[in-house]
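Asker: Below you'll find the structure I mean.
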Amino acid sequence: MRLRKGEERYAAGLLTPAMLIVFGVIIIPIITTFIYTLVNIDPLSSHQGEFAGLSFYIRTLRSSEFWADLGRTLHFTIASTALETILGLLIAVLLNQKFPGVAILRSIIIIPWAIPTVVNGSLWKLMLNGEYGVINAVLEKLHLISSYQSWLGNPKTAMWCIILADTWKMTPLAVIFFLAALQGIDQSIYEAARVDGAGALKSFFSITFPAVRPTMMVIIVMRTVEKFKAFDIFYLMTRGGPANSTKTLMYDTYLQAFTNLNFSEAATLAYLIALAVALLTLVYIRLMRREENA
Amino acid sequence: MKRAASNATAGPVYKPRLSARAKRMRALEMFLGLILAVIVLAPVVWMLLSSVMLPVDLTAKPLKFIPDTLTFERYAQIFRSETSSDPAYVFRMALGNSLIVAVCVTLLSLVTGTMAAYAFAHVRFRGKGPLMMVILFTYMLPPAALIIPLYRIFTSLHWLDRKAPLIILYLSFIIPFIIWVMQDFFGSISRTFEEAAQVDGATRLQTLIHIFLPIARPGAIATGILAFLMSWDEFFYALIFTSSLNSKTMTIAIEEFNGKFTIDYGMISTAGILGSLIPVLITVIFQKYIVMGMTAGGVKE
């Protein structure tokens with residue numbers, strides 16, 4: 001019993017500095033934000049200071065704007081996560097082969113990931129520019145387009161531009177995870193499969209894919225959380241425009257809080273996002289536990 | 001992860017003669033590799049070129065992909081400008097602010113996070129599981145859920161536009177990240193080292209410092225680098241809480257190049273190159289550590 005008490009005191013000593021900083025910053029704001037979702041604090045509202053109950057949640061969930069925001073958030077989240085996962089796996093399989101130059105490729109592949117998000121956003125914004133952008137110049141030279149297009153100014157293409165920029169930066173992360181998983185596969189299994197007459201596709205689906213599946217699940221959940229709350233790249237590239245075509249839940253939260261000064265609406269949106277993130281985190285922990293027990 | 005290197009270097013070096021099919025396969029792999037290299041490098045090379053191209057060439061139509069004349073004037077302007085209203089000067093100061101903030105965040109988060117991670121991995125205490133869940137959730141939490149009260153609190157404390165509060169804010173999500181990755185890394189280190197040291201009469205703190213930390217050094221380097229990169233990259237809090245040269249970070253200065261001032265393609269590219277220099281160099285040099293740190297936090301084999 002005395003030993004146990006000593007252990008706990010030791011743990012408390014080690015944990016205190018970290019917990020003081022983390023919870024010191026988080027606890028009051030997270031509770032206050034929750035109160036904001038229940039009490040109208042909008043400075044411009046005639047009902048300021050009144051208890052609102054769940055009416056902010058109900059109003060948000062009933063508004064078509066919320067569902068449109070959610071749709072755009074899911075568009076970005078699903079498309080970029082899927083692209084990064086698929087491209088990441090294919091590139092990792094390529095980089096796991098032995099051919100001249102592969103060592104150089106393996107070391108440069110990480111570069112896009114290292115470029116700050118803000119720089120990545122402005123770089124793609126420049127390249128996609130409708131008047132002078134290099135992407136227009138290249139596409140025109142290849143005769144893929146007849147005249148320069150305003151990719152970011154067109155509601156039909158703006159979201160795909162952001163997905164492109166994000167995929168370019170973040171696919172290397174998936175590549176690195178997949179490469180680590182691929183290098184854990186015993187090469188002799190492939191030999192054996194070849195002897196048994198299995199082709200490249202067959203051995204990919206019966207050996208490679210099962211081996212990287214756990215990694216893939218972790219990447220998908222981890223990236224989904226990150227994408228769901230992405231903000232920087234939207235602020236940098238489109239600010240939610242044109243015609244709201246890139247206005248996601250996170251971006252709307254920012255607009256409500258800092259442009260429209262609808263604090264209670266913003267707090268409610270933020271709580272709904274946090275709820276989704278919490279659910280995804282639980283899925284993530286489940287996955288990790290299953291991997292540990294497997 | 002730890003046995004990853006084995007088959008990459010295994011076996012004696014010999015060159016078997018390739019069959020026609022294997023040769024074709026190799027040619028295909030090299031071709032795909034080349035395309036990949038172009039996709040990865042072209043945007044970076046273009047940013048580099050844009051930073052040294054004359055303004056006339058940047059807006060030329062049709063675009064000349066290889067310029068005749070290069071200019072390093074923009075780099076010189078960023079390093080030399082002494083006018084406080086000059087965006088180039090603002091950017092240089094912001095780079096300095098980012099560096100100060102990132103270094104402080106890295107050191108503070110490493111020390112406090114490592115201590116806490118050690119407790120999670122090797123000390124018994126009640127409520128460990130739930131606390132770890134809270135820590136992980138804190139790391140994943142969108143800052144939007146905190147921002148309005150934080151803004152009000154910081155305003156009343158006169159903490160706006162200062163570096164120290166920004167550092168504390170960054171610590172609040174980087175420490176949880178370090179704990180999450182490091183406790184996993186510590187968990188893989190056997191307890192027998194510690195038990196042996198304790199039998200020899202070492203105190204727990206001595207064991208931690210003399211036995212444990214040296215073994216954990218690679219993990220600490222990895223997470224330290226990731227902490228630095230996360231701080232260097234941060235945008236949202238900086239957008240809300242910084243406004244002047246006092247505390248404005250690199251990310252905000254770059255954003256301002258895009259909006260506030262007339263759009264100057266060359267300057268945005270130059271700032272982008274300078275803002276990417278430190279993270280890209282760190283990442284390429286310490287690639288092995290970073291890969292280890294990231295995969296330790298995410299995947300278990």
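How things are named: the first chain in the structure tokens is A, the next is B, and so on; residues count from 1 in each chain; ligands count from 1 in the order shown.
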Would you mind listing what lies within 12 Å of Thr248 of chain A as a PyMOL selection string, with only C-alpha atoms counted and same-chain residues fewer than 2 positions away left out?
Answerer: chain A and resi 65-77+159+162+227-235+238-241+244-246+250-255+269-270+273
Asker: Please, which residues of chain A lie no more than 7 Å from chain B when the count uses only C-alpha atoms, and can they be set out as a PyMOL selection string?
Answerer: chain A and resi 7-8+11+14-15+17-18+21-22+25+29-30+32-33+94+99+105+107+109+111-112+114-119+123+126+132+137+176-177+180+183-184+215+218+229+232+236+267+270-271+274+277-278+281+291-292
Asker: Work out how far apart atom CA of Ile26 of chain A and atom CA of Ile41 of chain A are and give it in Å to one decimal.
Answerer: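 Separation of atom CA of Ile26 of chain A and atom CA of Ile41 of chain A: 20.2 Å.
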Asker: Would you mind reading off the distance between atom CA of Gly219 of chain B and atom CA of Met288 of chain A, one decimal, in Å?
Answerer: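 Going from atom CA of Gly219 of chain B over to atom CA of Met288 of chain A, I get 19.7 Å.
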Asker: Atom CA of Val134 of chain A and atom CA of Ile35 of chain B are how many Å apart?
Answerer: 18.0 Å
Asker: As a ChimeraX atom specification, list the residues of segment 54-300 of chain B assigned to alpha helix (DSSP H) by DSSP on the backbone atoms of this structure.
Answerer: /B:55-58,73-80,87-122,128-140,144-156,163-187,192-199,204-206,213-233,236-241,250-258,265-285,287-298
